[in-house]
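For reference, structure-v8.cif (mmCIF, C-alpha atoms and all ligand atoms):
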data_structure
loop_
_atom_site.label_atom_id
_atom_site.label_comp_id
_atom_site.auth_asym_id
_atom_site.auth_seq_id
_atom_site.Cartn_x
_atom_site.Cartn_y
_atom_site.Cartn_z
CA MET A 1 64.09 -32.23 14.03
CA LYS A 2 66.35 -32.93 17.05
CA ILE A 3 68.36 -30.18 18.65
CA THR A 4 70.30 -29.88 21.88
CA PHE A 5 69.13 -27.53 24.61
CA GLU A 6 72.31 -25.44 24.41
CA LYS A 7 72.11 -25.08 20.63
CA LEU A 8 68.42 -24.12 20.71
CA LYS A 9 69.09 -21.52 23.40
CA ALA A 10 72.03 -20.10 21.44
CA CYS A 11 70.03 -19.94 18.16
CA ALA A 12 67.19 -18.11 19.93
CA ALA A 13 69.60 -15.72 21.65
CA GLU A 14 71.31 -14.78 18.39
CA ILE A 15 67.95 -13.98 16.79
CA PHE A 16 67.00 -11.70 19.70
CA VAL A 17 70.39 -9.97 19.78
CA LYS A 18 70.28 -9.36 16.01
CA ALA A 19 66.75 -8.01 16.45
CA GLY A 20 68.14 -5.42 18.86
CA VAL A 21 67.60 -7.02 22.30
CA PRO A 22 70.38 -6.36 24.85
CA GLU A 23 72.55 -9.48 25.34
CA THR A 24 71.55 -10.15 28.99
CA GLU A 25 67.85 -9.92 28.22
CA ALA A 26 68.23 -12.02 25.07
CA GLN A 27 69.92 -14.71 27.20
CA ILE A 28 67.12 -14.66 29.82
CA VAL A 29 64.31 -14.93 27.27
CA SER A 30 66.11 -17.61 25.25
CA GLU A 31 66.85 -19.65 28.35
CA GLU A 32 63.20 -19.52 29.45
CA LEU A 33 61.93 -20.49 25.98
CA ALA A 34 64.45 -23.29 25.42
CA THR A 35 63.81 -24.62 28.95
CA ALA A 36 60.08 -24.82 28.16
CA ASN A 37 60.96 -26.97 25.12
CA LEU A 38 63.32 -29.03 27.25
CA MET A 39 60.49 -29.77 29.70
CA GLY A 40 58.05 -30.69 26.94
CA VAL A 41 56.02 -27.47 27.28
CA ASP A 42 56.51 -26.70 23.58
CA SER A 43 53.55 -24.31 23.61
CA HIS A 44 55.72 -21.91 25.64
CA GLY A 45 59.02 -22.57 23.91
CA VAL A 46 60.76 -21.09 20.86
CA LEU A 47 57.46 -21.26 18.98
CA ARG A 48 56.86 -17.88 20.69
CA ILE A 49 59.76 -16.14 18.95
CA PRO A 50 57.73 -14.90 15.94
CA GLN A 51 55.11 -13.56 18.38
CA TYR A 52 57.69 -11.70 20.49
CA LEU A 53 59.42 -10.20 17.43
CA GLU A 54 56.04 -9.04 16.13
CA GLU A 55 55.27 -7.50 19.53
CA MET A 56 58.65 -5.73 19.49
CA LYS A 57 57.83 -4.29 16.07
CA ILE A 58 54.51 -2.82 17.24
CA GLY A 59 56.13 -1.41 20.38
CA GLN A 60 54.35 -3.76 22.81
CA ILE A 61 57.63 -5.32 23.96
CA ARG A 62 60.28 -2.73 24.74
CA PRO A 63 63.60 -4.51 25.30
CA GLY A 64 66.19 -2.69 27.38
CA VAL A 65 63.81 -0.38 29.28
CA SER A 66 64.69 -0.23 32.96
CA MET A 67 62.04 -1.57 35.29
CA GLU A 68 61.11 0.17 38.51
CA ILE A 69 59.68 -0.75 41.91
CA VAL A 70 56.86 1.79 42.22
CA ARG A 71 55.45 0.74 45.63
CA GLU A 72 57.13 -1.19 48.39
CA THR A 73 56.90 -2.35 52.01
CA PRO A 74 59.23 -4.82 53.76
CA VAL A 75 57.00 -7.69 52.52
CA THR A 76 55.43 -6.40 49.29
CA ALA A 77 56.43 -4.75 46.04
CA VAL A 78 54.85 -3.53 42.82
CA LEU A 79 57.28 -3.85 39.91
CA ASP A 80 56.55 -1.75 36.84
CA CYS A 81 58.09 -3.79 34.03
CA LYS A 82 57.58 -0.89 31.62
CA GLN A 83 56.74 -3.36 28.81
CA ASN A 84 60.08 -5.13 28.87
CA PHE A 85 59.98 -8.88 28.14
CA GLY A 86 57.75 -10.70 30.64
CA GLN A 87 60.54 -13.18 31.38
CA VAL A 88 62.90 -10.35 32.32
CA GLY A 89 60.27 -8.84 34.63
CA ALA A 90 59.29 -12.15 36.24
CA ARG A 91 62.94 -13.04 36.95
CA ARG A 92 63.35 -9.66 38.67
CA MET A 93 60.21 -10.37 40.72
CA VAL A 94 61.74 -13.66 41.87
CA GLU A 95 64.81 -11.77 43.16
CA ILE A 96 62.68 -9.16 44.93
CA VAL A 97 60.39 -11.72 46.59
CA ALA A 98 63.30 -13.99 47.59
CA GLU A 99 65.22 -11.11 49.17
CA LYS A 100 62.23 -9.96 51.21
CA THR A 101 61.27 -13.53 52.21
CA LYS A 102 64.80 -14.13 53.52
CA THR A 103 64.38 -11.24 55.95
CA CYS A 104 60.65 -11.37 56.74
CA GLY A 105 59.62 -15.04 56.44
CA MET A 106 57.17 -14.32 53.65
CA ALA A 107 56.68 -11.79 50.88
CA CYS A 108 54.86 -11.16 47.62
CA ALA A 109 55.01 -8.93 44.58
CA VAL A 110 52.81 -7.94 41.66
CA SER A 111 53.81 -6.64 38.25
CA LEU A 112 52.54 -3.83 36.09
CA ASN A 113 53.02 -3.68 32.31
CA ALA A 114 54.63 -7.11 31.97
CA ASN A 115 54.57 -8.96 28.69
CA HIS A 116 54.12 -12.70 28.22
CA ILE A 117 56.21 -14.47 30.87
CA GLY A 118 56.05 -17.96 29.35
CA ARG A 119 55.80 -20.78 31.93
CA LEU A 120 54.61 -19.42 35.26
CA GLY A 121 56.01 -22.59 36.85
CA SER A 122 59.54 -21.44 36.07
CA TYR A 123 59.37 -18.60 38.59
CA VAL A 124 57.71 -20.46 41.47
CA GLU A 125 60.26 -23.21 40.89
CA ALA A 126 63.08 -20.65 41.12
CA LEU A 127 61.70 -19.58 44.53
CA ALA A 128 61.42 -23.22 45.67
CA GLU A 129 65.03 -23.78 44.60
CA ARG A 130 65.93 -21.07 47.11
CA GLY A 131 64.14 -23.11 49.82
CA PHE A 132 60.76 -21.33 49.80
CA ILE A 133 57.19 -22.52 49.33
CA ALA A 134 55.85 -20.49 46.44
CA PHE A 135 52.60 -19.55 44.75
CA GLY A 136 51.89 -17.51 41.64
CA THR A 137 49.09 -16.40 39.37
CA VAL A 138 48.91 -14.63 36.03
CA GLY A 139 46.04 -12.51 34.82
CA VAL A 140 46.31 -12.44 31.04
CA TYR A 141 45.42 -8.99 29.75
CA ALA A 142 42.77 -8.96 27.03
CA ALA A 143 39.29 -10.40 26.83
CA GLY A 144 39.70 -14.04 26.07
CA PRO A 145 39.89 -16.87 25.32
CA MET A 146 37.77 -18.24 28.20
CA ALA A 147 34.08 -17.52 28.58
CA PRO A 148 33.09 -17.05 32.23
CA TRP A 149 31.04 -20.09 33.35
CA GLY A 150 27.52 -19.73 31.98
CA ALA A 151 28.55 -17.30 29.21
CA MET A 152 29.40 -17.83 25.53
CA GLU A 153 31.48 -14.69 25.13
CA PRO A 154 35.20 -14.75 26.00
CA LYS A 155 36.18 -12.41 28.83
CA LEU A 156 38.91 -14.27 30.71
CA GLY A 157 42.49 -15.20 29.89
CA THR A 158 43.92 -18.69 30.25
CA ASN A 159 45.22 -17.29 33.58
CA PRO A 160 47.70 -19.87 34.87
CA ILE A 161 48.19 -20.71 38.54
CA ALA A 162 51.27 -22.39 39.97
CA TRP A 163 52.68 -23.69 43.22
CA ALA A 164 56.13 -25.05 44.03
CA VAL A 165 57.68 -26.57 47.13
CA PRO A 166 61.33 -27.36 47.89
CA ARG A 167 62.45 -30.95 48.37
CA GLU A 168 65.50 -32.51 49.90
CA GLY A 169 67.63 -34.23 47.23
CA HIS A 170 65.00 -33.78 44.49
CA LYS A 171 63.88 -31.04 42.14
CA PRO A 172 60.99 -29.00 43.63
CA LEU A 173 57.40 -30.17 43.20
CA VAL A 174 55.80 -27.81 40.69
CA MET A 175 52.11 -27.63 39.85
CA ASP A 176 51.71 -25.24 36.95
CA CYS A 177 48.68 -25.07 34.69
CA ALA A 178 46.33 -22.83 32.78
CA THR A 179 42.82 -22.47 34.23
CA THR A 180 41.43 -23.46 30.83
CA VAL A 181 41.46 -27.17 29.93
CA VAL A 182 44.53 -26.37 27.91
CA ALA A 183 46.86 -23.42 27.35
CA GLU A 184 46.17 -21.40 24.18
CA GLY A 185 49.73 -22.05 22.98
CA LYS A 186 48.90 -25.75 22.68
CA LEU A 187 46.22 -24.90 20.09
CA ARG A 188 48.90 -23.06 18.07
CA ALA A 189 50.94 -26.24 18.00
CA TYR A 190 47.91 -28.12 16.56
CA VAL A 191 47.38 -25.40 13.91
CA GLN A 192 51.02 -25.54 12.94
CA ASN A 193 50.94 -29.31 12.65
CA GLY A 194 47.63 -29.25 10.74
CA LYS A 195 45.89 -31.43 13.33
CA HIS A 196 42.51 -31.41 15.09
CA VAL A 197 42.41 -30.95 18.88
CA PRO A 198 40.77 -33.49 21.23
CA GLU A 199 37.03 -33.15 21.88
CA GLY A 200 36.02 -30.94 24.78
CA TRP A 201 38.84 -28.39 24.40
CA ILE A 202 37.23 -25.60 22.34
CA LYS A 203 34.04 -24.02 21.02
CA ASP A 204 33.69 -21.85 17.93
CA GLY A 205 32.61 -18.21 18.06
CA TYR A 206 28.94 -19.25 18.01
CA GLY A 207 29.18 -21.51 21.05
CA ASN A 208 29.31 -24.81 19.11
CA ASP A 209 31.66 -27.65 20.05
CA THR A 210 34.46 -28.14 17.53
CA THR A 211 37.80 -29.90 17.20
CA ASP A 212 39.16 -27.66 14.41
CA PRO A 213 41.62 -25.24 16.06
CA LEU A 214 41.09 -22.78 13.20
CA ASP A 215 37.46 -22.36 14.39
CA PHE A 216 38.96 -20.92 17.56
CA TYR A 217 41.19 -18.38 15.78
CA LYS A 218 38.84 -17.10 13.08
CA GLU A 219 36.37 -14.24 13.65
CA PRO A 220 34.31 -14.29 15.76
CA HIS A 221 36.91 -15.84 18.09
CA GLY A 222 35.96 -19.10 19.75
CA THR A 223 36.57 -20.04 23.38
CA ILE A 224 38.68 -22.58 25.25
CA MET A 225 36.72 -24.53 27.85
CA PRO A 226 37.54 -23.73 31.47
CA MET A 227 39.43 -26.33 33.51
CA GLY A 228 36.78 -28.82 34.69
CA GLY A 229 35.19 -28.84 31.22
CA LYS A 230 31.50 -29.23 30.51
CA ILE A 231 30.64 -30.72 33.90
CA SER A 232 32.54 -28.54 36.36
CA GLY A 233 33.94 -25.66 34.36
CA ALA A 234 32.75 -23.24 37.05
CA LYS A 235 35.96 -24.21 38.87
CA GLY A 236 38.32 -23.18 36.05
CA SER A 237 36.33 -20.03 35.39
CA GLY A 238 36.34 -19.12 39.10
CA LEU A 239 40.07 -19.79 39.43
CA ALA A 240 40.76 -17.55 36.42
CA ILE A 241 38.72 -14.72 37.95
CA MET A 242 40.64 -15.08 41.22
CA ALA A 243 43.95 -15.09 39.32
CA ASP A 244 42.94 -11.72 37.84
CA MET A 245 42.06 -10.47 41.34
CA PHE A 246 45.46 -11.49 42.73
CA SER A 247 47.42 -9.93 39.88
CA VAL A 248 46.07 -7.18 37.61
CA VAL A 249 43.44 -5.99 40.11
CA LEU A 250 45.92 -5.92 43.01
CA ALA A 251 48.28 -3.98 40.75
CA ASN A 252 45.48 -1.42 40.17
CA ASP A 253 45.40 -2.06 36.43
CA ASP A 254 41.96 -1.77 34.84
CA TYR A 255 42.81 -3.07 31.38
CA TRP A 256 39.21 -4.12 30.82
CA SER A 257 37.97 -0.52 30.85
CA TRP A 258 40.50 0.75 28.31
CA GLU A 259 39.96 -2.31 26.20
CA GLU A 260 36.20 -1.88 26.20
CA ASN A 261 36.72 1.75 25.24
CA GLY A 262 38.65 0.71 22.14
CA GLY A 263 42.15 1.07 23.61
CA VAL A 264 45.01 -0.98 22.26
CA ARG A 265 46.55 -3.81 24.23
CA TYR A 266 50.03 -2.81 25.35
CA ALA A 267 51.14 -5.65 27.60
CA GLU A 268 50.17 -9.24 28.16
CA ASN A 269 50.53 -10.60 31.69
CA GLY A 270 49.79 -9.34 35.20
CA VAL A 271 51.88 -11.45 37.56
CA PHE A 272 51.56 -12.24 41.29
CA LEU A 273 54.35 -14.14 43.08
CA MET A 274 54.45 -15.09 46.75
CA ALA A 275 56.97 -17.01 48.86
CA ILE A 276 56.86 -18.47 52.36
CA ASP A 277 59.95 -19.56 54.28
CA PRO A 278 59.21 -22.89 56.02
CA GLU A 279 61.79 -21.82 58.60
CA ALA A 280 59.12 -19.42 59.94
CA PHE A 281 56.88 -22.42 60.72
CA TYR A 282 58.46 -25.70 61.94
CA GLY A 283 61.77 -25.22 60.12
CA LYS A 284 63.19 -26.21 56.74
CA ASP A 285 64.35 -29.65 57.88
CA THR A 286 61.00 -30.64 59.37
CA TYR A 287 59.22 -29.42 56.25
CA ALA A 288 61.58 -31.35 53.98
CA LYS A 289 61.12 -34.52 56.04
CA GLN A 290 57.32 -34.26 56.08
CA CYS A 291 57.30 -33.43 52.39
CA GLU A 292 59.19 -36.63 51.52
CA ILE A 293 56.92 -38.75 53.72
CA HIS A 294 53.82 -37.27 52.11
CA ALA A 295 55.22 -37.58 48.57
CA ALA A 296 56.07 -41.25 49.19
CA PHE A 297 52.56 -41.83 50.58
CA ILE A 298 50.96 -40.38 47.42
CA LYS A 299 53.28 -42.25 45.07
CA SER A 300 52.54 -45.54 46.81
CA ALA A 301 48.95 -45.44 45.41
CA LYS A 302 48.30 -48.46 43.18
CA PRO A 303 48.56 -47.24 39.54
CA ALA A 304 45.46 -47.54 37.36
CA GLU A 305 45.51 -50.00 34.47
CA GLY A 306 47.93 -48.89 31.75
CA VAL A 307 49.71 -46.40 34.03
CA GLU A 308 53.33 -47.18 34.87
CA GLU A 309 53.90 -44.73 37.67
CA VAL A 310 51.84 -42.27 39.72
CA LEU A 311 53.47 -38.89 39.10
CA LEU A 312 53.71 -35.94 41.45
CA PRO A 313 53.23 -32.40 40.12
CA GLY A 314 56.24 -31.45 38.02
CA GLU A 315 57.56 -35.00 37.62
CA PHE A 316 56.31 -35.33 34.04
CA GLU A 317 58.27 -32.22 33.02
CA GLN A 318 61.37 -33.25 35.02
CA LYS A 319 61.48 -36.66 33.37
CA MET A 320 61.00 -35.07 29.97
CA ALA A 321 63.84 -32.62 30.67
CA GLU A 322 66.19 -35.46 31.66
CA LYS A 323 65.29 -37.35 28.48
CA ARG A 324 65.60 -34.33 26.20
CA LEU A 325 68.93 -33.29 27.77
CA GLU A 326 70.25 -36.72 26.90
CA ASP A 327 68.59 -37.34 23.50
CA GLY A 328 68.01 -33.78 22.29
CA ILE A 329 64.76 -31.82 21.98
CA ASP A 330 62.16 -32.93 19.43
CA LEU A 331 61.25 -29.69 17.76
CA ALA A 332 58.43 -29.60 15.21
CA ASP A 333 59.92 -29.18 11.72
CA SER A 334 57.52 -26.31 11.09
CA THR A 335 58.80 -24.46 14.18
CA TRP A 336 62.44 -25.02 13.20
CA GLU A 337 61.88 -23.93 9.59
CA GLY A 338 60.09 -20.83 10.82
CA LEU A 339 63.12 -20.01 13.00
CA ILE A 340 65.54 -20.54 10.12
CA GLY A 341 63.53 -18.12 7.98
CA ILE A 342 63.58 -15.48 10.71
CA ALA A 343 67.27 -16.05 11.48
CA GLN A 344 68.20 -15.70 7.81
CA GLY A 345 66.29 -12.42 7.71
CA TYR A 346 68.56 -11.19 10.52
CA GLN A 347 71.65 -12.82 8.97
CA CYS A 348 72.31 -14.95 12.03
CA GLU A 349 75.54 -16.94 11.76
CA TRP A 350 73.87 -20.25 12.66
CA SER A 351 71.36 -20.03 9.81
CA LYS A 352 73.81 -19.36 7.01
CA GLY A 353 73.64 -22.00 4.29
CA LEU A 354 70.61 -23.80 5.78
CA THR A 355 67.76 -24.53 3.40
CA VAL A 356 64.06 -24.63 4.19
CA SER A 357 61.31 -26.57 2.46
CA GLY A 358 58.90 -23.66 2.73
CA THR A 359 56.70 -25.22 5.39
CA GLY A 360 57.97 -22.93 8.13
CA ASN A 361 55.37 -22.03 10.71
CA GLN A 362 53.37 -18.87 10.54
CA PHE A 363 52.83 -16.42 13.34
CA VAL A 364 49.48 -17.50 14.80
CA ALA A 365 47.96 -14.34 16.15
CA TYR A 366 45.31 -14.31 18.81
P1 LIG B 1 49.21 -29.04 31.45
O1 LIG B 1 47.79 -29.29 31.11
O2 LIG B 1 50.26 -29.74 30.69
O3 LIG B 1 49.37 -29.32 33.02
C1 LIG B 1 50.59 -29.22 33.58
C2 LIG B 1 50.60 -29.62 35.06
O4 LIG B 1 50.03 -30.92 35.25
C3 LIG B 1 52.05 -29.69 35.50
O5 LIG B 1 52.19 -29.23 36.82
C4 LIG B 1 52.35 -31.19 35.40
O6 LIG B 1 53.41 -31.60 36.22
C5 LIG B 1 51.05 -31.78 35.79
N1 LIG B 1 50.92 -33.11 35.18
C6 LIG B 1 51.00 -33.40 33.85
N2 LIG B 1 50.89 -34.73 33.66
C7 LIG B 1 50.75 -35.28 34.88
C8 LIG B 1 50.55 -36.61 35.36
N3 LIG B 1 50.51 -37.66 34.52
N4 LIG B 1 50.41 -36.81 36.67
C9 LIG B 1 50.46 -35.75 37.54
N5 LIG B 1 50.62 -34.47 37.16
C10 LIG B 1 50.76 -34.24 35.85
O7 LIG B 1 49.57 -27.49 31.37
P2 LIG B 1 48.76 -26.32 30.67
O8 LIG B 1 47.57 -25.99 31.46
O9 LIG B 1 48.57 -26.64 29.24
O10 LIG B 1 49.83 -25.14 30.83
C11 LIG B 1 51.07 -25.22 30.14
C12 LIG B 1 51.94 -24.03 30.46
O11 LIG B 1 51.33 -22.86 29.95
C13 LIG B 1 52.17 -23.74 31.94
O12 LIG B 1 53.56 -23.64 32.13
C14 LIG B 1 51.51 -22.39 32.19
O13 LIG B 1 52.16 -21.58 33.15
C15 LIG B 1 51.64 -21.79 30.82
N6 LIG B 1 50.68 -20.70 30.58
C16 LIG B 1 51.17 -19.43 30.50
C17 LIG B 1 50.29 -18.38 30.25
C18 LIG B 1 50.81 -16.97 30.17
O14 LIG B 1 50.07 -16.09 29.74
N7 LIG B 1 52.02 -16.70 30.54
C19 LIG B 1 48.93 -18.62 30.08
C20 LIG B 1 48.48 -19.94 30.18
C21 LIG B 1 49.35 -20.98 30.42
#
Could you quickly redo this structure as structure tokens?
Ligand code: NAD
Amino acid sequence: MKITFEKLKACAAEIFVKAGVPETEAQIVSEELATANLMGVDSHGVLRIPQYLEEMKIGQIRPGVSMEIVRETPVTAVLDCKQNFGQVGARRMVEIVAEKTKTCGMACAVSLNANHIGRLGSYVEALAERGFIAFGTVGVYAAGPMAPWGAMEPKLGTNPIAWAVPREGHKPLVMDCATTVVAEGKLRAYVQNGKHVPEGWIKDGYGNDTTDPLDFYKEPHGTIMPMGGKISGAKGSGLAIMADMFSVVLANDDYWSWEENGGVRYAENGVFLMAIDPEAFYGKDTYAKQCEIHAAFIKSAKPAEGVEEVLLPGEFEQKMAEKRLEDGIDLADSTWEGLIGIAQGYQCEWSKGLTVSGTGNQFVAY
């Protein structure tokens, strides 16, 4: 199924509005999800809509609540997102950090009670588009799906980390990845397409290697290997622990204690965002010049056999976005049919008269 970015965003927004989300928030969430699809990060695109609607129903996502800065200095802030959409909270954090960085040269913020923010890269990129060097981490609330290095029991989230830097005449460089070998959302895509995952991605709940993504989801839950895999997974596991330390721990949230005491999960992501103004060092122009020289140096490396071009962080997604803007987004039929079913339930204009074959995707809970 091919669909344009604008149409996908509009379809998503109408679903959210009909489900009771205020228009501005519906637009933010839809734009973030459709942009993820545009960039080829389908695991964090509109495939998340059933999840978010389910989370609204159980009161985990509370659209429309007003967020509040609960602690603040000239260079720091703690934003209580009060369980609004993660995307709405993270966009507010970008504004707060950018404003403070403009005046102070650098600043950072952490969130409390934020839901799933989608692509962490989106928010560091937004800071880089304002001319700042940016860094971010997410601590994913809930025990799993990564086992700490040396353990077989999941205790860590997929905890993404991301950096972005501004460039002159180009989109920012953006490095944005989970600290597991792969983001959990990518497993959902395999389940929905009925496919096996590559070797080395997951283990079942008994610590055995497997390529069947359903082994990961069924009880007892399996684990996703840390970044670095079987040989050097201590790195991914360590990075995930540090991502927790920079986000949920810095925000004084001890979700692990209420979870271990049988509490219910009420939010999904603890977010840390930081920005540095290169003007405070050798100036924006010098940074931009050096950045281009260094980027050209890296890209001049002789490509390995079968590789057309050495890519910088973020280039894969930028090229995909250019292609999908031109040709349309390739959306899995199962995802599209799932959306039609939901939209018809809410009597969305765009879904009227559309038929589905009955293979619409299911909400894959984790
Ligand atoms: P991934 O494995 O696709 O890695 C992406 C990174 O690798 C990007 O920076 C990309 O530019 C770079 N890259 C890809 N191909 C490249 C190439 N050929 N050469 C050079 N660099 C290349 O990403 P992932 O780990 O599966 O994560 C996907 C998304 O999931 C991210 O946006 C992440 O923020 C998001 N995520 C979110 C949460 C959450 O709870 N909010 C949790 C985990 C992951």
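The gap separating atom CA of A:Met225 from atom CA of A:Tyr206 is 13.6 Å, in Å to one decimal.
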Residues near stretch 325-336 of chain A, anyone? I mean within 7 Å using only C-alpha atoms, not counting same-chain ones fewer than 2 positions away, as an MDAnalysis selection string. chainID A and resid 1:5 37:38 47 192 321:323 338:340 359:361
Would you tabulate, counting all atoms listed in the file, all residues of chain A that have an atom at most 7 Å from an atom of ligand LIG 1 (chain B), showing the closest pair of atoms and their distance in Å to one decimal, sorted by chain then ascending number, as CSV?
residue,atom,partner,partner_atom,distance
A:Val41,CA,B:LIG1,C11,6.1
A:Ser43,CA,B:LIG1,O11,6.9
A:His44,CA,B:LIG1,O11,6.2
A:His116,CA,B:LIG1,N7,5.1
A:Ile117,CA,B:LIG1,N7,4.8
A:Gly118,CA,B:LIG1,N7,4.4
A:Arg119,CA,B:LIG1,O12,3.6
A:Leu120,CA,B:LIG1,O13,3.9
A:Gly121,CA,B:LIG1,O12,5.4
A:Val138,CA,B:LIG1,O14,6.6
A:Val140,CA,B:LIG1,O14,5.4
A:Thr158,CA,B:LIG1,C20,4.7
A:Asn159,CA,B:LIG1,C19,5.3
A:Pro160,CA,B:LIG1,C20,4.8
A:Ile161,CA,B:LIG1,O13,6.8
A:Ala162,CA,B:LIG1,O13,6.9
A:Val174,CA,B:LIG1,O5,5.5
A:Met175,CA,B:LIG1,O5,3.4
A:Asp176,CA,B:LIG1,O5,4.0
A:Cys177,CA,B:LIG1,O8,3.5
A:Ala178,CA,B:LIG1,O8,3.6
A:Thr179,CA,B:LIG1,O8,6.5
A:Thr180,CA,B:LIG1,O8,6.7
A:Val181,CA,B:LIG1,O8,6.4
A:Val182,CA,B:LIG1,O9,4.3
A:Ala183,CA,B:LIG1,O9,4.1
A:Glu184,CA,B:LIG1,C20,6.6
A:Lys186,CA,B:LIG1,O9,6.6
A:Asn269,CA,B:LIG1,O14,5.8
A:Val310,CA,B:LIG1,N4,6.4
A:Leu311,CA,B:LIG1,N4,4.4
A:Leu312,CA,B:LIG1,C9,5.1
A:Pro313,CA,B:LIG1,O6,4.0
A:Gly314,CA,B:LIG1,O6,3.4
A:Glu315,CA,B:LIG1,O6,5.5
A:Phe316,CA,B:LIG1,O6,5.2
A:Glu317,CA,B:LIG1,O6,5.9
Can you pull out every residue within 6 Å of stretch 94-109 of chain A, counting only C-alpha atoms, but drop anything in the same chain fewer than 4 positions away, and send it as JSON, numbers by chain? {"A": [75, 76, 77, 78, 272, 273, 274, 275, 276, 277, 280]}
Restricted to C-alpha atoms, what would the selected residues look like written as a short mmCIF file (atom, residue, chain, number, x, y, z; two decimals), in the frame of the given file?
data_model
loop_
_atom_site.label_atom_id
_atom_site.label_comp_id
_atom_site.auth_asym_id
_atom_site.auth_seq_id
_atom_site.Cartn_x
_atom_site.Cartn_y
_atom_site.Cartn_z
CA VAL A 75 57.00 -7.69 52.52
CA THR A 76 55.43 -6.40 49.29
CA ALA A 77 56.43 -4.75 46.04
CA VAL A 78 54.85 -3.53 42.82
CA PHE A 272 51.56 -12.24 41.29
CA LEU A 273 54.35 -14.14 43.08
CA MET A 274 54.45 -15.09 46.75
CA ALA A 275 56.97 -17.01 48.86
CA ILE A 276 56.86 -18.47 52.36
CA ASP A 277 59.95 -19.56 54.28
CA ALA A 280 59.12 -19.42 59.94
#
Grab the atom CA of A:Ala142 to atom CA of A:Glu31 distance for me, in Å with one decimal place. 26.4 Å
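Interatomic distance, atom CA of A:Ala128 against atom CA of A:Ala164: 5.8 Å.
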Spatial neighbours of A:Tyr190, 10 Å, only C-alpha atoms, chain gap at least 5 places, as an MDAnalysis selection string: chainID A and resid 43 185 195:197 212:214
Dump of C-alpha atoms for the selected residues, as a PDB file, in the frame of the given file:
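part.pdb, written as the output of this step:
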ATOM      1  CA  SER A  43      53.550 -24.310  23.610  1.00  0.00           C
ATOM      2  CA  GLY A 185      49.730 -22.050  22.980  1.00  0.00           C
ATOM      3  CA  LYS A 195      45.890 -31.430  13.330  1.00  0.00           C
ATOM      4  CA  HIS A 196      42.510 -31.410  15.090  1.00  0.00           C
ATOM      5  CA  VAL A 197      42.410 -30.950  18.880  1.00  0.00           C
ATOM      6  CA  ASP A 212      39.160 -27.660  14.410  1.00  0.00           C
ATOM      7  CA  PRO A 213      41.620 -25.240  16.060  1.00  0.00           C
ATOM      8  CA  LEU A 214      41.090 -22.780  13.200  1.00  0.00           C
TER       9      LEU A 214
END
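Proximity to stretch 149-152 of chain A at 9 Å, evaluated using all atoms listed in the file and with sequence-adjacent residues fewer than 3 positions away removed, yields Met146, Lys203, Gly205, Tyr206, Gly207, Gly222, Thr223, Pro226, Gly233, Ala234, Lys235, Gly236, Ser237 and Gly238 of chain A.
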Store the residues picked out above, limited to C-alpha atoms, as a compact mmCIF listing (two decimals), keeping the file's coordinate frame.
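Okay, result.txt is ready:
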# COMPACT_ATOMS: atom_id res chain seq x y z
CA MET A 146 37.77 -18.24 28.20
CA LYS A 203 34.04 -24.02 21.02
CA GLY A 205 32.61 -18.21 18.06
CA TYR A 206 28.94 -19.25 18.01
CA GLY A 207 29.18 -21.51 21.05
CA GLY A 222 35.96 -19.10 19.75
CA THR A 223 36.57 -20.04 23.38
CA PRO A 226 37.54 -23.73 31.47
CA GLY A 233 33.94 -25.66 34.36
CA ALA A 234 32.75 -23.24 37.05
CA LYS A 235 35.96 -24.21 38.87
CA GLY A 236 38.32 -23.18 36.05
CA SER A 237 36.33 -20.03 35.39
CA GLY A 238 36.34 -19.12 39.10
Pick out the residues sitting within 8 Å of stretch 16-24 of chain A, and hand them over as a PyMOL selection string; count only C-alpha atoms, and ignore anything fewer than 5 positions along from it in its own chain. chain A and resi 53+63-64+346-348
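Checking A:Glu199, A:Glu305, A:Glu6, A:Glu68 one by one against A:Lys82, counting all atoms listed in the file, you find the shortest gap at A:Glu68.
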Take every atom of stretch 153-168 of chain A listed in the file, fit an axis-aligned box around them, add 4 Å per side, and give the centre and edge lengths in Å to one decimal as AutoDock Vina command-line options.
--center_x 48.5 --center_y -22.5 --center_z 37.5 --size_x 42.0 --size_y 28.1 --size_z 32.8
